[in-house]
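What follows is the content of start.cif, which has mmCIF, C-alpha atoms and all ligand atoms:
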data_final
#
loop_
_atom_site.label_atom_id
_atom_site.label_comp_id
_atom_site.auth_asym_id
_atom_site.auth_seq_id
_atom_site.Cartn_x
_atom_site.Cartn_y
_atom_site.Cartn_z
CA VAL T 20 43.31 3.88 -13.39
CA LYS T 21 46.20 3.20 -15.75
CA LYS T 22 48.87 1.93 -13.40
CA ILE T 23 48.31 0.03 -10.16
CA ALA T 24 50.54 -1.54 -7.52
CA VAL T 25 50.08 -4.49 -5.20
CA LEU T 26 51.63 -5.24 -1.83
CA THR T 27 51.26 -7.81 0.95
CA SER T 28 51.47 -6.60 4.52
CA GLY T 29 51.30 -7.86 8.12
CA GLY T 30 51.47 -11.58 8.89
CA ASP T 31 51.65 -13.68 5.73
CA SER T 32 48.87 -16.14 4.93
CA GLN T 33 48.36 -18.99 2.51
CA GLY T 34 46.69 -17.75 -0.64
CA MET T 35 48.43 -14.36 -0.72
CA ASN T 36 50.38 -15.55 -3.76
CA ALA T 37 47.19 -16.63 -5.50
CA ALA T 38 45.84 -13.13 -4.82
CA VAL T 39 48.98 -11.43 -6.19
CA ARG T 40 48.78 -13.61 -9.30
CA ALA T 41 45.16 -12.68 -9.87
CA VAL T 42 45.78 -8.94 -9.32
CA VAL T 43 48.61 -8.98 -11.87
CA ARG T 44 46.87 -11.08 -14.48
CA SER T 45 43.47 -9.37 -14.22
CA ALA T 46 45.04 -5.92 -14.42
CA LEU T 47 47.11 -6.84 -17.46
CA PHE T 48 44.06 -8.46 -19.06
CA PHE T 49 42.18 -5.16 -18.73
CA GLY T 50 45.15 -3.15 -20.08
CA VAL T 51 46.34 -1.74 -16.75
CA GLU T 52 50.07 -1.71 -15.89
CA VAL T 53 51.01 -3.42 -12.59
CA TYR T 54 53.84 -2.86 -10.15
CA GLY T 55 54.81 -5.07 -7.24
CA ILE T 56 55.97 -3.54 -3.97
CA GLN T 57 58.39 -5.71 -1.98
CA ARG T 58 58.03 -5.97 1.85
CA GLY T 59 54.74 -4.16 2.31
CA TYR T 60 54.56 -0.51 3.37
CA GLN T 61 58.26 -0.62 4.35
CA GLY T 62 59.12 -1.47 0.75
CA LEU T 63 56.94 1.39 -0.45
CA LEU T 64 58.87 3.85 1.71
CA ASN T 65 62.15 2.30 0.48
CA ARG T 66 60.97 2.59 -3.18
CA ASP T 67 61.25 -1.19 -3.55
CA ILE T 68 58.86 -1.07 -6.50
CA PHE T 69 59.15 -3.03 -9.76
CA PRO T 70 57.03 -3.78 -12.82
CA MET T 71 55.30 -7.16 -12.99
CA ASP T 72 54.35 -9.09 -16.11
CA ILE T 73 52.29 -12.20 -16.78
CA ARG T 74 55.26 -14.55 -16.25
CA SER T 75 56.35 -12.91 -12.97
CA VAL T 76 53.44 -14.64 -11.23
CA GLY T 77 53.82 -18.06 -12.87
CA ASP T 78 54.10 -21.14 -10.64
CA ILE T 79 53.01 -19.37 -7.44
CA ILE T 80 49.29 -20.22 -7.08
CA GLN T 81 50.18 -23.32 -5.04
CA ARG T 82 52.82 -21.71 -2.83
CA GLY T 83 52.48 -20.51 0.76
CA GLY T 84 54.12 -17.31 1.98
CA THR T 85 54.21 -14.32 -0.32
CA ILE T 86 56.61 -13.68 -3.20
CA LEU T 87 56.23 -9.96 -2.42
CA GLN T 88 57.29 -10.64 1.19
CA SER T 89 55.77 -8.82 4.11
CA ALA T 90 56.78 -6.54 6.95
CA ARG T 91 55.22 -4.75 9.87
CA CYS T 92 56.18 -1.08 9.31
CA LEU T 93 56.16 1.35 12.27
CA GLU T 94 57.05 4.38 10.12
CA PHE T 95 53.86 3.94 8.12
CA LEU T 96 51.73 4.27 11.26
CA LYS T 97 52.67 7.97 11.38
CA PRO T 98 51.08 10.65 9.14
CA GLU T 99 54.53 11.64 7.77
CA GLY T 100 55.14 8.03 6.68
CA GLN T 101 51.72 7.83 5.01
CA GLU T 102 52.25 11.14 3.16
CA LYS T 103 55.67 9.98 2.00
CA GLY T 104 54.08 6.72 0.74
CA ALA T 105 51.42 8.59 -1.23
CA GLU T 106 54.09 10.90 -2.67
CA ILE T 107 56.24 7.96 -3.82
CA LEU T 108 53.25 6.29 -5.51
CA ARG T 109 52.51 9.57 -7.35
CA GLU T 110 56.17 9.81 -8.35
CA TYR T 111 55.84 6.42 -10.07
CA GLY T 112 52.57 7.46 -11.70
CA ILE T 113 50.74 4.76 -9.70
CA ASP T 114 47.13 5.76 -9.14
CA GLY T 115 45.71 2.57 -7.63
CA LEU T 116 46.93 0.22 -4.89
CA VAL T 117 45.77 -3.24 -3.83
CA VAL T 118 46.72 -4.04 -0.24
CA ILE T 119 46.56 -7.69 0.81
CA GLY T 120 46.65 -8.08 4.59
CA GLY T 121 44.84 -7.86 7.91
CA ASP T 122 43.29 -4.94 9.77
CA GLY T 123 46.59 -3.10 10.36
CA SER T 124 47.22 -3.19 6.61
CA TYR T 125 43.67 -1.96 5.99
CA ASN T 126 44.35 1.06 8.21
CA GLY T 127 47.30 1.98 5.98
CA ALA T 128 45.16 1.61 2.84
CA ASN T 129 42.48 3.78 4.43
CA LYS T 130 45.00 6.54 5.12
CA LEU T 131 46.41 6.40 1.57
CA SER T 132 42.92 6.64 0.13
CA LYS T 133 42.34 9.82 2.14
CA LEU T 134 45.55 11.15 0.60
CA GLY T 135 44.15 10.66 -2.90
CA ILE T 136 45.47 7.19 -3.84
CA LYS T 137 42.75 4.79 -4.99
CA THR T 138 43.01 1.79 -2.68
CA MET T 139 41.43 -1.64 -2.34
CA GLY T 140 41.89 -4.02 0.59
CA LEU T 141 41.91 -7.81 0.31
CA PRO T 142 41.53 -9.80 3.55
CA GLY T 143 44.79 -11.75 3.78
CA THR T 144 45.16 -13.27 7.23
CA ILE T 145 44.71 -16.69 8.80
CA ASP T 146 42.83 -15.12 11.74
CA ASN T 147 39.42 -14.61 10.04
CA ASP T 148 39.05 -11.46 12.09
CA ILE T 149 38.02 -9.10 9.28
CA SER T 150 34.36 -8.06 9.19
CA PHE T 151 32.24 -7.88 6.03
CA THR T 152 33.64 -11.12 4.66
CA ASP T 153 32.68 -14.62 5.75
CA TYR T 154 36.25 -15.84 5.38
CA THR T 155 39.71 -14.35 5.02
CA ILE T 156 42.37 -15.66 2.65
CA GLY T 157 44.44 -18.27 4.52
CA PHE T 158 41.86 -19.17 7.16
CA ASP T 159 40.71 -22.39 5.48
CA THR T 160 44.30 -23.63 5.12
CA ALA T 161 45.16 -22.75 8.72
CA VAL T 162 42.10 -24.65 9.96
CA SER T 163 43.10 -27.68 7.84
CA ILE T 164 46.58 -27.61 9.36
CA VAL T 165 45.17 -27.54 12.90
CA VAL T 166 42.76 -30.39 12.13
CA ASP T 167 45.55 -32.45 10.60
CA ALA T 168 47.72 -31.89 13.70
CA ILE T 169 44.87 -32.90 16.01
CA ASN T 170 44.25 -36.07 13.98
CA LYS T 171 47.85 -37.01 14.73
CA LEU T 172 47.70 -36.03 18.39
CA ARG T 173 44.62 -38.23 18.86
CA ASP T 174 46.68 -41.36 18.12
CA THR T 175 49.07 -40.75 20.99
CA MET T 176 46.35 -39.45 23.29
CA SER T 177 44.30 -42.61 22.81
CA SER T 178 47.29 -44.90 23.27
CA HIS T 179 48.17 -43.26 26.60
CA GLU T 180 44.76 -42.00 27.78
CA ARG T 181 45.96 -38.44 27.87
CA SER T 182 44.56 -35.01 27.21
CA SER T 183 45.95 -32.58 24.68
CA VAL T 184 45.82 -28.86 25.12
CA VAL T 185 46.36 -27.38 21.67
CA GLU T 186 47.12 -23.66 21.46
CA VAL T 187 46.16 -22.12 18.12
CA MET T 188 46.62 -18.69 16.59
CA GLY T 189 43.99 -16.07 15.82
CA ARG T 190 45.18 -13.06 17.79
CA HIS T 191 41.95 -11.75 19.46
CA CYS T 192 39.68 -13.94 17.34
CA GLY T 193 38.51 -17.47 18.21
CA ASP T 194 37.55 -18.56 14.70
CA ILE T 195 40.51 -20.88 14.04
CA ALA T 196 39.84 -22.60 17.39
CA LEU T 197 36.11 -22.81 16.71
CA HIS T 198 36.24 -24.19 13.17
CA ALA T 199 39.15 -26.55 13.86
CA GLY T 200 37.50 -27.65 17.09
CA LEU T 201 34.22 -28.52 15.40
CA ALA T 202 36.01 -30.33 12.57
CA SER T 203 38.27 -32.34 14.86
CA GLY T 204 35.67 -33.23 17.49
CA ALA T 205 37.45 -31.37 20.28
CA GLU T 206 35.82 -31.79 23.70
CA THR T 207 36.55 -28.21 24.73
CA ILE T 208 37.01 -25.02 22.73
CA LEU T 209 38.22 -21.99 24.63
CA VAL T 210 37.84 -18.70 22.76
CA PRO T 211 38.05 -15.05 23.86
CA GLU T 212 34.50 -14.38 22.66
CA MET T 213 32.82 -16.82 25.07
CA PRO T 214 33.06 -17.05 28.88
CA PHE T 215 34.17 -20.38 30.36
CA ASP T 216 34.71 -21.97 33.73
CA LEU T 217 37.87 -24.03 34.15
CA ASP T 218 36.39 -25.93 37.11
CA GLU T 219 33.62 -27.16 34.83
CA VAL T 220 36.07 -28.00 32.06
CA ALA T 221 38.26 -30.03 34.43
CA ASP T 222 35.25 -31.85 35.95
CA ARG T 223 33.91 -32.76 32.52
CA MET T 224 37.31 -34.07 31.41
CA LYS T 225 37.54 -36.24 34.53
CA ASP T 226 33.97 -37.53 34.07
CA ASN T 227 34.58 -38.29 30.40
CA PHE T 228 37.59 -40.44 31.23
CA ALA T 229 35.55 -42.18 33.93
CA LYS T 230 32.85 -42.87 31.31
CA GLY T 231 35.40 -44.59 29.09
CA LYS T 232 36.70 -41.84 26.80
CA ARG T 233 40.29 -42.49 25.93
CA HIS T 234 41.36 -38.98 25.08
CA SER T 235 40.37 -35.37 25.50
CA ILE T 236 41.17 -32.42 23.29
CA VAL T 237 41.14 -28.86 24.56
CA ILE T 238 41.69 -26.19 21.90
CA VAL T 239 42.82 -22.87 23.28
CA ALA T 240 42.70 -19.78 21.09
CA GLU T 241 45.75 -17.63 21.80
CA GLY T 242 43.42 -14.71 22.63
CA VAL T 243 42.44 -16.62 25.79
CA GLY T 244 45.98 -17.12 27.05
CA LYS T 245 48.80 -19.61 26.88
CA GLY T 246 48.05 -23.30 26.42
CA GLU T 247 50.71 -24.02 29.06
CA ASP T 248 48.81 -22.01 31.69
CA ILE T 249 45.49 -23.68 30.85
CA ALA T 250 47.05 -27.16 31.11
CA GLN T 251 48.59 -26.26 34.46
CA ALA T 252 45.25 -24.93 35.75
CA LEU T 253 43.47 -28.15 34.68
CA LYS T 254 46.08 -30.37 36.35
CA GLU T 255 45.77 -28.33 39.56
CA ARG T 256 42.03 -29.01 39.58
CA HIS T 257 42.36 -32.79 39.04
CA ALA T 258 45.76 -34.44 39.38
CA SER T 259 44.50 -37.32 37.20
CA ILE T 260 44.31 -35.06 34.13
CA ASP T 261 47.49 -35.81 32.21
CA ALA T 262 47.37 -32.75 29.94
CA ARG T 263 50.16 -32.26 27.40
CA VAL T 264 50.55 -29.04 25.50
CA THR T 265 51.12 -28.47 21.80
CA VAL T 266 51.63 -24.94 20.49
CA LEU T 267 51.14 -25.03 16.74
CA GLY T 268 52.58 -21.54 16.16
CA HIS T 269 53.69 -20.44 12.71
CA ILE T 270 53.13 -23.92 11.25
CA GLN T 271 49.55 -22.61 10.86
CA ARG T 272 50.66 -19.89 8.45
CA GLY T 273 52.70 -22.08 6.10
CA GLY T 274 52.26 -24.59 3.32
CA SER T 275 50.24 -24.82 0.16
CA PRO T 276 46.86 -23.05 0.24
CA THR T 277 43.71 -25.18 0.00
CA PRO T 278 41.61 -24.90 -3.17
CA ALA T 279 39.08 -22.86 -1.17
CA ASP T 280 41.73 -20.27 -0.27
CA ARG T 281 43.13 -20.16 -3.81
CA ASN T 282 39.68 -19.61 -5.27
CA LEU T 283 38.69 -17.03 -2.68
CA ALA T 284 41.95 -15.17 -3.35
CA SER T 285 41.51 -15.30 -7.13
CA ARG T 286 37.91 -14.08 -7.02
CA LEU T 287 38.52 -11.28 -4.53
CA ALA T 288 41.67 -10.05 -6.30
CA ASP T 289 40.01 -9.92 -9.72
CA PHE T 290 37.06 -8.10 -8.12
CA ALA T 291 39.44 -5.56 -6.52
CA VAL T 292 41.07 -4.80 -9.87
CA ARG T 293 37.74 -4.41 -11.66
CA LYS T 294 36.44 -2.08 -8.95
CA LEU T 295 39.62 0.04 -9.09
CA ILE T 296 39.15 0.35 -12.84
CA GLU T 297 35.55 1.46 -12.24
CA GLY T 298 36.96 4.24 -10.03
CA GLU T 299 36.17 2.86 -6.56
CA SER T 300 38.56 3.69 -3.71
CA GLY T 301 38.93 3.18 0.03
CA LYS T 302 37.03 -0.10 -0.14
CA ALA T 303 37.57 -3.62 1.19
CA CYS T 304 36.59 -6.65 -0.86
CA GLY T 305 34.82 -9.54 0.79
CA MET T 306 32.72 -12.59 0.07
CA ILE T 307 29.43 -13.00 1.93
CA LYS T 308 27.29 -16.09 1.28
CA GLY T 309 29.12 -16.63 -2.01
CA GLU T 310 28.59 -13.05 -3.24
CA LEU T 311 31.40 -10.56 -3.81
CA VAL T 312 30.85 -7.42 -1.71
CA LEU T 313 32.52 -4.03 -1.43
CA THR T 314 32.53 -2.17 1.90
CA ASP T 315 34.14 1.11 3.03
CA ILE T 316 37.47 0.26 4.66
CA ASP T 317 36.60 2.76 7.39
CA LYS T 318 33.55 0.68 8.28
CA VAL T 319 35.47 -2.61 8.09
CA VAL T 320 38.24 -1.48 10.45
CA ASN T 321 35.72 -0.07 12.91
CA THR T 322 33.42 -3.11 13.05
CA LYS T 323 34.19 -6.14 15.18
CA LYS T 324 33.48 -9.41 13.42
CA ASP T 325 30.52 -11.38 14.78
CA PHE T 326 31.35 -14.63 16.52
CA ASN T 327 29.30 -17.63 15.39
CA VAL T 328 27.70 -18.65 18.67
CA GLU T 329 25.48 -21.19 16.89
CA LEU T 330 28.55 -23.07 15.66
CA TYR T 331 30.10 -22.87 19.12
CA ASN T 332 26.98 -24.36 20.70
CA LEU T 333 26.87 -27.08 18.05
CA ALA T 334 30.49 -28.03 18.77
CA SER T 335 29.75 -28.37 22.47
CA ARG T 336 26.53 -30.39 21.84
CA LEU T 337 28.46 -32.83 19.66
CA SER T 338 31.41 -33.25 22.00
CA GLN T 339 29.68 -35.40 24.61
O1 LIG W 401 47.77 -12.27 12.25
C1 LIG W 401 48.33 -13.52 12.01
C2 LIG W 401 49.07 -14.01 13.23
O2 LIG W 401 49.65 -15.26 12.93
C3 LIG W 401 48.25 -14.09 14.51
O3 LIG W 401 47.43 -15.24 14.54
C4 LIG W 401 49.31 -14.06 15.57
O4 LIG W 401 48.81 -13.55 16.78
C5 LIG W 401 50.35 -13.15 14.97
O5 LIG W 401 50.11 -13.11 13.57
C6 LIG W 401 51.78 -13.57 15.20
O6 LIG W 401 52.59 -12.56 14.72
P1 LIG W 401 54.12 -12.74 14.35
O7 LIG W 401 54.22 -13.59 13.14
O8 LIG W 401 54.60 -11.36 14.11
O9 LIG W 401 54.75 -13.41 15.51
#

Would you encode the structure as structure tokens?
Amino acid sequence: VKKIAVLTSGGDSQGMNAAVRAVVRSALFFGVEVYGIQRGYQGLLNRDIFPMDIRSVGDIIQRGGTILQSARCLEFLKPEGQEKGAEILREYGIDGLVVIGGDGSYNGANKLSKLGIKTMGLPGTIDNDISFTDYTIGFDTAVSIVVDAINKLRDTMSSHERSSVVEVMGRHCGDIALHAGLASGAETILVPEMPFDLDEVADRMKDNFAKGKRHSIVIVAEGVGKGEDIAQALKERHASIDARVTVLGHIQRGGSPTPADRNLASRLADFAVRKLIEGESGKACGMIKGELVLTDIDKVVNTKKDFNVELYNLASRLSQ
């Protein structure tokens, strides 16, 4: 490839900027021209495409959000939109595209690759719901934000002997809830991947208070339902459970990426560029047990990520 483009698509995540920086700088290092596409696939269809140089990605490694901005584009879901996108890239002489985003964005990259554009996907989402990578870019930062919030909630919970129901993001995936729950010592972690019984949860919370615990944390992954409904259901089971709800929402997607996310982004993005140069296409980049891996996007979008039951069991063993 001689000329590549990069875009960010779907929900933004911390570390997307570090990935854009690495795509641009690695490509230029290897003598490949780079274009940025503003606002994801929508920007591609609007020809919002501009050349990027070394300086255009200065001072962004530490920033949340994405300088390329993002959008969810309905037009690109249709074959006509995808053909138009491929045509526009050809018009600009762009023969390779790095797509940074979640599974919806991967689907777009997959389609473009079938239309002859060399594509590479980078897992940019806080949800950690992409298979063939241990972690996605933004997940570590999102977990840190949840843990930090729970640290703060604990103070008030202990002072007033209350329970906190904390609703976290993740779409259909319970990983943010699981990892934040283990790290914050939550008593209960409710995720869509594992069955649970609210009667048991409520009984355990009541018993724990009776045994002298001064607070109780219930993390609810949004894939399970609304934190408000869970809190209500717990109160209905035992009136003594004073459960207050905190919905962390988009706070989880903002702020400076952790070093782990910056380094993951930098390594994956450089890998994507090198693989494009080698002629690979229609692949997703991931990191498994510290090793960079390339997998067919087709396979990635059609494989559900495994849930770490061992970690889930550990969290419940430790939350006595
Ligand atoms: O995919 C990232 C994510 O934050 C999910 O966790 C959440 O379900 C969704 O995006 C929220 O989407 P939006 O920002 O469009 O409200």

Test item: residues at most 9 Å from range 172-180 of chain T, all atoms listed in the file, excluding those fewer than 3 positions along its chain, as a PyMOL selection string: chain T and resi 167-169+183+228+232-236+261+265

Mind writing the picked residues with C-alpha atoms as an mmCIF file, in the frame of the given file?
data_model
loop_
_atom_site.group_PDB
_atom_site.id
_atom_site.type_symbol
_atom_site.label_atom_id
_atom_site.label_comp_id
_atom_site.auth_asym_id
_atom_site.auth_seq_id
_atom_site.Cartn_x
_atom_site.Cartn_y
_atom_site.Cartn_z
ATOM 1 C CA ASP T 167 45.550 -32.450 10.600
ATOM 2 C CA ALA T 168 47.720 -31.890 13.700
ATOM 3 C CA ILE T 169 44.870 -32.900 16.010
ATOM 4 C CA SER T 183 45.950 -32.580 24.680
ATOM 5 C CA PHE T 228 37.590 -40.440 31.230
ATOM 6 C CA LYS T 232 36.700 -41.840 26.800
ATOM 7 C CA ARG T 233 40.290 -42.490 25.930
ATOM 8 C CA HIS T 234 41.360 -38.980 25.080
ATOM 9 C CA SER T 235 40.370 -35.370 25.500
ATOM 10 C CA ILE T 236 41.170 -32.420 23.290
ATOM 11 C CA ASP T 261 47.490 -35.810 32.210
ATOM 12 C CA THR T 265 51.120 -28.470 21.800
#

Spatial neighbours of range 111-121 of chain T, max dist 9 Å, all atoms listed in the file, sep filter under 4 positions, as a ChimeraX atom specification: /T:20-32,35,38-39,42,52-54,59,68,106-107,125-128,131,135-149,155-156,288,291-292,295-296,300

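The shell of residues at most 12 Å from Glu310 in chain T, with all atoms listed in the file counted and near chain neighbours (fewer than 6 positions) removed, consists of Phe151, Thr152, Asp153, Tyr154, Leu283, Arg286, Leu287, Phe290 and Cys304 of chain T.
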
Writing out the chosen residues with C-alpha atoms as a short mmCIF file (atom, residue, chain, number, x, y, z; two decimals), in the coordinates of the input:
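Saved the output as out03.cif:
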data_model
loop_
_atom_site.label_atom_id
_atom_site.label_comp_id
_atom_site.auth_asym_id
_atom_site.auth_seq_id
_atom_site.Cartn_x
_atom_site.Cartn_y
_atom_site.Cartn_z
CA PHE T 151 32.24 -7.88 6.03
CA THR T 152 33.64 -11.12 4.66
CA ASP T 153 32.68 -14.62 5.75
CA TYR T 154 36.25 -15.84 5.38
CA LEU T 283 38.69 -17.03 -2.68
CA ARG T 286 37.91 -14.08 -7.02
CA LEU T 287 38.52 -11.28 -4.53
CA PHE T 290 37.06 -8.10 -8.12
CA CYS T 304 36.59 -6.65 -0.86
#

One-decimal distance in Å that lies between CA of Val210 in chain T and CA of Ala252 in chain T: 16.2 Å

Residue with smallest distance to His198 in chain T - pool T:Ser182, T:Gln339, T:Ala161, T:Glu212, counting all atoms listed in the file: T:Ala161

Counting only C-alpha atoms, the option among T:Val76, T:Lys230, T:Lys225, T:Val166 closest to Ala262 in chain T: T:Lys225

Nearest to ligand LIG 401 (chain W), chosen from T:Ile73, T:Val187, T:Ile86, T:Val43, with only C-alpha atoms and all ligand atoms counted in the distances: T:Val187

Please return the centre and edge lengths, in Å to one decimal, of a box with edges along x, y and z that contains all listed atoms of ligand LIG 401 (chain W), widened by 4 Å on every side, as lines of an AutoDock Vina configuration file.
center_x = 51.1
center_y = -13.3
center_z = 14.4
size_x = 15.3
size_y = 11.9
size_z = 12.8
